[in-house]
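Everything below concerns the one structure shown next.
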There are 2 protein chains.
Amino acid sequence: MTDTIFSVVTVDVLPLTYDPDGQVVRYGLHRRPAPPFEGELALPGVVVHSGERLEAAARRAVDKLHLRADPVALGQLRTFDEPSRDPRGPSLSVAMWAAYPSLRMGEDTGDSLWPEIADLPALAFDHTAIVATTRELLPALLWQDMPFTRAITGERFTATDAVAITRQLTRHDVHRANLNRALARIPGLAQAGTAPAAGGRPPKVWAWA
Amino acid sequence: MTDTIFSVVTVDVLPLTYDPDGQVVRYGLHRRPAPPFEGELALPGVVVHSGERLEAAARRAVDKLHLRADPVALGQLRTFDEPSRDPRGPSLSVAMWAAYPSLRMGEDTGDSLWPEIADLPALAFDHTAIVATTRELLPALLWQDMPFTRAITGERFTATDAVAITRQLTRHDVHRANLNRALARIPGLAQAGTAPAAGGRPPKVWAWA
DNA sequence: TCAAAAGTGTTGGCTATACACCCATGG
DNA sequence: CCATGGGTGTATAGCCAACACTTTTGA
């Protein structure tokens with residue numbers, strides 16, 4: 001083996017989900033069961049097998065979260081190449097997003113951890129930097145990349161959900177009225193009645209075609 | 001060697017340059033000197049060494065163009081993972097852009113080929129698809145990603161150059177007046193007199209800080 | 001009937017677009 | 001002094017942010 005010619009490539013996944021109860025966008029972590037960084041928090045990642053598709057590797061990676069649910073959609077973010085990112089030796093890491101249907105925290109999430117997207121604890125490897133960098137890419141995807149958006153929102157969502165998702169991913173406020181008008185211009189999105197509300201006017205429901 | 005754990009990773013580079021004489025944006029190709037695809041046109045690419053930075057690999061790759069000039073700036077585009085993209089076996093390819101100062105065609109380009117960005121001949125490997133996909137990412141970089149933009153335009157450029165670059169990268173028309181106003185709002189860009197013209201009013205010169 | 005939550009309407013400002021017109025140069 | 005190419009000004013439309021106001025529900 002000419003060891004300079006073969007590389008270790010990992011896929012590190014940013015699992016995302018929107019929790020409509022708390023109206024919070026969260027990302028998934030697990031505690032590493034083995035060295036290096038045993039016991040520390042990390043994004044789910046695997047070494048990519050030769051010939052394996054990145055999406056297939058990402059699906060293997062998220063198995064580490066031990067969820068019953070599967071990601072609805074996956075996509076590429078960017079590739080990290082800092083040679084010292086893994087103490088075991090040089091590796092490349094392709095960062096990908098994986099959007100899940102809404103998960104009931106605790107009940108559906110097992111031993112995985114789901115901090116809010118605004119929170120960033122210290123993580124294993126260079127995962128703190130990966131989260132910091134890649135979550136800045138998400139505003140460009142929301143309401144622009146439809147597979148991503150549709151997977152995050154789910155098939156039906158209220159205008160209030162849309163406001164919450166937008167505010168958390170873009171980190172600045174949106175006005176409900178203006179967002180509703182923006183949603184009306186998105187092809188494939190249509191109004192579908194209203195949703196029951198707790199103590200207020202029932203919000204508009206948007207549904208994907 | 002556990003052959004499923006190590007991957008072949010290549011960097012394939014989209015070398016870009018703006019030719020102010022013809023006012024054309026071009027990308028660089030070379031004829032492959034060896035199998036596979038011997039004699040066919042291809043993007044310059046190399047196998048990434050273990051522990052090598054992607055930018056370093058990209059700089060090695062563009063050596064295949066045999067240019068005297070070096071790229072002014074480089075950046076990542078996306079990663080291609082189709083397993084059959086190379087007949088020698090599965091590999092990943094990280095596509096990167098590399099922006100060159102303006103090159104006099106023929107004189108500065110040696111045996112490399114520089115088609116206009118709108119042209120896409122049949123290329124070796126999956127390079128036709130790589131060019132087709134990645135050139136769609138360039139409109140998002142122009143006038144947004146300053147290292148990219150500055151490297152493409154060079155330190156000084158006329159308003160006419162700006163129109164030509166924009167039209168070719170975005171594939172739709174811009175009006176000179178409006179583009180000039182947009183440029184005026186870009187931090188770091190300032191007017192710097194005018195350039196000699198051939199048979200018309202001398203165009204405004206823009207210069208980077 | 002009130003508070004809470006959300007929809008609707010309206011305004012002002014900004015940006016984009018298109019066009020008309022004016023200006024500087026070379027021949 | 002004319003053709004050429006480029007700058008400048010302006011009108012219009014569209015979009016966006018902000019805010020006031022109205023509507024719908026549950027208590």
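Just remember, in the structure tokens the first chain shown is A, the second B, etc., residues are 1-based per chain, and ligands are 1-based in the order shown.
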message = What parts of stretch 44-161 of chain A does DSSP call helix (DSSP H, G or I)? I'd like the answer as a VMD selection string.
response = chain A and resid 54 to 65 83 to 85 127 to 134 138 to 141 146 to 153 159 to 161
Could you please take those selected residues and save C-alpha atoms as a PDB file, in the first residue's frame?
ATOM      1  CA  LEU A  54     -21.765   9.657   0.779  1.00  0.00           C
ATOM      2  CA  GLU A  55     -25.476   9.491   1.459  1.00  0.00           C
ATOM      3  CA  ALA A  56     -25.176   5.797   2.320  1.00  0.00           C
ATOM      4  CA  ALA A  57     -22.346   6.552   4.695  1.00  0.00           C
ATOM      5  CA  ALA A  58     -24.382   9.332   6.264  1.00  0.00           C
ATOM      6  CA  ARG A  59     -27.243   6.905   6.834  1.00  0.00           C
ATOM      7  CA  ARG A  60     -24.845   4.527   8.536  1.00  0.00           C
ATOM      8  CA  ALA A  61     -23.534   7.383  10.647  1.00  0.00           C
ATOM      9  CA  VAL A  62     -26.913   8.388  11.992  1.00  0.00           C
ATOM     10  CA  ASP A  63     -27.516   4.818  13.129  1.00  0.00           C
ATOM     11  CA  LYS A  64     -25.291   5.802  16.031  1.00  0.00           C
ATOM     12  CA  LEU A  65     -28.128   7.922  17.354  1.00  0.00           C
ATOM     13  CA  PRO A  83      -5.048  17.238   8.915  1.00  0.00           C
ATOM     14  CA  SER A  84      -5.011  17.242  12.711  1.00  0.00           C
ATOM     15  CA  ARG A  85      -8.777  17.067  13.056  1.00  0.00           C
ATOM     16  CA  HIS A 127     -16.962  18.950  15.524  1.00  0.00           C
ATOM     17  CA  THR A 128     -17.417  22.242  17.336  1.00  0.00           C
ATOM     18  CA  ALA A 129     -15.916  23.974  14.322  1.00  0.00           C
ATOM     19  CA  ILE A 130     -17.952  21.846  11.926  1.00  0.00           C
ATOM     20  CA  VAL A 131     -21.200  22.813  13.623  1.00  0.00           C
ATOM     21  CA  ALA A 132     -20.163  26.453  13.828  1.00  0.00           C
ATOM     22  CA  THR A 133     -19.267  26.561  10.151  1.00  0.00           C
ATOM     23  CA  THR A 134     -22.070  24.496   8.708  1.00  0.00           C
ATOM     24  CA  LEU A 138     -28.292  26.682   6.583  1.00  0.00           C
ATOM     25  CA  PRO A 139     -29.884  30.129   6.035  1.00  0.00           C
ATOM     26  CA  ALA A 140     -29.028  29.797   2.349  1.00  0.00           C
ATOM     27  CA  LEU A 141     -30.929  26.507   2.186  1.00  0.00           C
ATOM     28  CA  MET A 146     -36.865  22.637  -1.298  1.00  0.00           C
ATOM     29  CA  PRO A 147     -35.775  19.106  -0.329  1.00  0.00           C
ATOM     30  CA  PHE A 148     -34.061  20.587   2.711  1.00  0.00           C
ATOM     31  CA  THR A 149     -36.919  22.904   3.564  1.00  0.00           C
ATOM     32  CA  ARG A 150     -39.604  20.310   3.087  1.00  0.00           C
ATOM     33  CA  ALA A 151     -37.733  17.809   5.235  1.00  0.00           C
ATOM     34  CA  ILE A 152     -37.308  20.330   8.043  1.00  0.00           C
ATOM     35  CA  THR A 153     -40.855  21.621   8.039  1.00  0.00           C
ATOM     36  CA  ALA A 159     -47.176  29.877   9.893  1.00  0.00           C
ATOM     37  CA  THR A 160     -45.963  30.048  13.474  1.00  0.00           C
ATOM     38  CA  ASP A 161     -43.693  27.081  12.878  1.00  0.00           C
TER      39      ASP A 161
END
Enumerate as a PDB file with N, CA and C atoms, in the first residue's frame the residues belonging to chain A that approach chain D to within 12 Å, with only C-alpha atoms (C1' of nucleotides) taken into account.
ATOM      1  N   ASP A 173     -34.987  38.174  13.196  1.00  0.00           N
ATOM      2  CA  ASP A 173     -36.437  38.127  13.234  1.00  0.00           C
ATOM      3  C   ASP A 173     -37.066  38.206  11.848  1.00  0.00           C
ATOM      4  N   VAL A 174     -38.197  37.550  11.731  1.00  0.00           N
ATOM      5  CA  VAL A 174     -39.036  37.684  10.548  1.00  0.00           C
ATOM      6  C   VAL A 174     -40.416  38.086  11.033  1.00  0.00           C
ATOM      7  N   HIS A 175     -41.086  38.879  10.265  1.00  0.00           N
ATOM      8  CA  HIS A 175     -42.442  39.243  10.623  1.00  0.00           C
ATOM      9  C   HIS A 175     -43.400  38.255   9.987  1.00  0.00           C
ATOM     10  N   ARG A 176     -44.315  37.809  10.826  1.00  0.00           N
ATOM     11  CA  ARG A 176     -45.260  36.780  10.415  1.00  0.00           C
ATOM     12  C   ARG A 176     -45.946  37.136   9.093  1.00  0.00           C
ATOM     13  N   ALA A 177     -46.409  38.367   9.002  1.00  0.00           N
ATOM     14  CA  ALA A 177     -47.156  38.778   7.810  1.00  0.00           C
ATOM     15  C   ALA A 177     -46.294  38.637   6.565  1.00  0.00           C
ATOM     16  N   ASN A 178     -45.053  39.105   6.669  1.00  0.00           N
ATOM     17  CA  ASN A 178     -44.176  39.096   5.505  1.00  0.00           C
ATOM     18  C   ASN A 178     -43.762  37.677   5.138  1.00  0.00           C
ATOM     19  N   LEU A 179     -43.554  36.845   6.169  1.00  0.00           N
ATOM     20  CA  LEU A 179     -43.186  35.464   5.875  1.00  0.00           C
ATOM     21  C   LEU A 179     -44.342  34.737   5.198  1.00  0.00           C
ATOM     22  N   ARG A 181     -46.504  35.998   3.274  1.00  0.00           N
ATOM     23  CA  ARG A 181     -46.522  36.422   1.868  1.00  0.00           C
ATOM     24  C   ARG A 181     -45.409  35.760   1.075  1.00  0.00           C
ATOM     25  N   ALA A 182     -44.253  35.603   1.718  1.00  0.00           N
ATOM     26  CA  ALA A 182     -43.135  34.938   1.025  1.00  0.00           C
ATOM     27  C   ALA A 182     -43.475  33.472   0.753  1.00  0.00           C
ATOM     28  N   ARG A 185     -45.514  32.683  -2.261  1.00  0.00           N
ATOM     29  CA  ARG A 185     -44.853  32.747  -3.561  1.00  0.00           C
ATOM     30  C   ARG A 185     -44.017  31.506  -3.863  1.00  0.00           C
ATOM     31  N   THR A 194     -56.614  25.619   8.750  1.00  0.00           N
ATOM     32  CA  THR A 194     -55.984  26.134   9.958  1.00  0.00           C
ATOM     33  C   THR A 194     -55.759  24.983  10.933  1.00  0.00           C
ATOM     34  N   ALA A 195     -54.939  25.245  11.919  1.00  0.00           N
ATOM     35  CA  ALA A 195     -54.625  24.237  12.932  1.00  0.00           C
ATOM     36  C   ALA A 195     -55.252  24.664  14.256  1.00  0.00           C
ATOM     37  N   PRO A 196     -55.653  23.707  15.076  1.00  0.00           N
ATOM     38  CA  PRO A 196     -56.184  24.059  16.393  1.00  0.00           C
ATOM     39  C   PRO A 196     -55.127  24.804  17.203  1.00  0.00           C
ATOM     40  N   ALA A 197     -55.576  25.820  17.918  1.00  0.00           N
ATOM     41  CA  ALA A 197     -54.641  26.640  18.688  1.00  0.00           C
ATOM     42  C   ALA A 197     -55.015  26.592  20.160  1.00  0.00           C
ATOM     43  N   ALA A 198     -54.066  26.940  21.000  1.00  0.00           N
ATOM     44  CA  ALA A 198     -54.317  26.966  22.440  1.00  0.00           C
ATOM     45  C   ALA A 198     -54.429  28.415  22.892  1.00  0.00           C
ATOM     46  N   GLY A 199     -55.612  28.932  22.886  1.00  0.00           N
ATOM     47  CA  GLY A 199     -55.818  30.260  23.445  1.00  0.00           C
ATOM     48  C   GLY A 199     -55.581  31.406  22.499  1.00  0.00           C
ATOM     49  N   GLY A 200     -55.792  31.206  21.251  1.00  0.00           N
ATOM     50  CA  GLY A 200     -55.617  32.291  20.291  1.00  0.00           C
ATOM     51  C   GLY A 200     -56.234  31.910  18.969  1.00  0.00           C
ATOM     52  N   ARG A 201     -56.078  32.786  18.032  1.00  0.00           N
ATOM     53  CA  ARG A 201     -56.612  32.498  16.704  1.00  0.00           C
ATOM     54  C   ARG A 201     -55.839  31.334  16.099  1.00  0.00           C
ATOM     55  N   PRO A 202     -56.525  30.409  15.456  1.00  0.00           N
ATOM     56  CA  PRO A 202     -55.805  29.250  14.892  1.00  0.00           C
ATOM     57  C   PRO A 202     -54.927  29.663  13.722  1.00  0.00           C
ATOM     58  N   PRO A 203     -53.687  29.196  13.701  1.00  0.00           N
ATOM     59  CA  PRO A 203     -52.763  29.586  12.640  1.00  0.00           C
ATOM     60  C   PRO A 203     -53.070  28.884  11.331  1.00  0.00           C
ATOM     61  N   LYS A 204     -52.681  29.542  10.279  1.00  0.00           N
ATOM     62  CA  LYS A 204     -52.739  29.025   8.925  1.00  0.00           C
ATOM     63  C   LYS A 204     -51.874  27.775   8.817  1.00  0.00           C
TER      64      LYS A 204
END
Contacts between chain B and chain C, please, where a residue of chain C counts if it comes within 8 Å (with only C-alpha atoms (C1' of nucleotides)); show its shortest atom pair and distance in Å to one decimal, rows by chain and ascending number, as CSV.
residue,atom,partner,partner_atom,distance
C:DA16,C1',B:Asn178,CA,7.9
C:DC23,C1',B:Arg201,CA,7.6
C:DA24,C1',B:Arg201,CA,4.5
C:DT25,C1',B:Gly200,CA,5.0
C:DG26,C1',B:Gly199,CA,4.9
inquiry  = Rounded to one decimal, what separation in Å do you get between atom CA of B:His172 and atom CA of A:Arg78?
reply    = 27.7 Å
Mind dumping a table of every chain B residue within 10 Å of chain A, with the nearest atom pair and its distance in Å to one decimal, using only C-alpha atoms, sorted by chain and rising number, as CSV?
residue,atom,partner,partner_atom,distance
B:Met1,CA,A:Met1,CA,7.0
B:Thr2,CA,A:His49,CA,9.8
B:Asp3,CA,A:Ser50,CA,7.1
B:Thr4,CA,A:His49,CA,4.7
B:Ile5,CA,A:His49,CA,5.1
B:Phe6,CA,A:Val8,CA,5.2
B:Ser7,CA,A:Ser50,CA,5.0
B:Val8,CA,A:Phe6,CA,5.2
B:Val9,CA,A:Ser7,CA,6.6
B:Thr10,CA,A:Ile5,CA,9.6
B:Val47,CA,A:Ile5,CA,6.6
B:Val48,CA,A:Ile5,CA,6.6
B:His49,CA,A:Thr4,CA,4.7
B:Ser50,CA,A:Thr4,CA,4.8
B:Gly51,CA,A:Pro90,CA,4.7
B:Glu52,CA,A:Pro83,CA,7.1
B:Arg53,CA,A:Asp81,CA,5.9
B:Leu54,CA,A:Asp81,CA,6.5
B:Glu55,CA,A:Asp81,CA,9.2
B:Gln76,CA,A:Arg78,CA,8.0
B:Leu77,CA,A:Arg78,CA,8.2
B:Arg78,CA,A:Arg78,CA,6.7
B:Thr79,CA,A:Thr79,CA,7.4
B:Phe80,CA,A:Leu54,CA,8.9
B:Asp81,CA,A:Arg53,CA,5.9
B:Glu82,CA,A:Arg53,CA,6.8
B:Pro83,CA,A:Gly51,CA,5.2
B:Ser84,CA,A:Gly51,CA,8.3
B:Gly89,CA,A:Gly51,CA,7.9
B:Pro90,CA,A:Gly51,CA,4.7
B:Ser91,CA,A:Gly51,CA,6.6
B:Leu92,CA,A:Gly51,CA,8.4
B:Val94,CA,A:Thr79,CA,8.1
task = Check chain B with DSSP on the backbone and list each residue it calls strand (DSSP E or B), as a PyMOL selection string.
result = chain B and resi 7+9-19+24-27+29-31+41-42+45-47+73-80+92-100+113+116+156-158+189-194+204-208
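Atom pair atom CA of A:Asp12 / atom CA of A:Ala69 has a distance of 18.4 Å (rounded to one decimal).
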key: atom CA of A:Ile117 to atom CA of A:Met105, straight-line distance in Å   = 14.5 Å
ask   = Near B:Pro87, counting only C-alpha atoms (C1' of nucleotides), which residues have an atom at most 10 Å away, once you skip same-chain residues fewer than 6 positions from it, shown as a PyMOL selection string?
value = chain B and resi 36-37+125
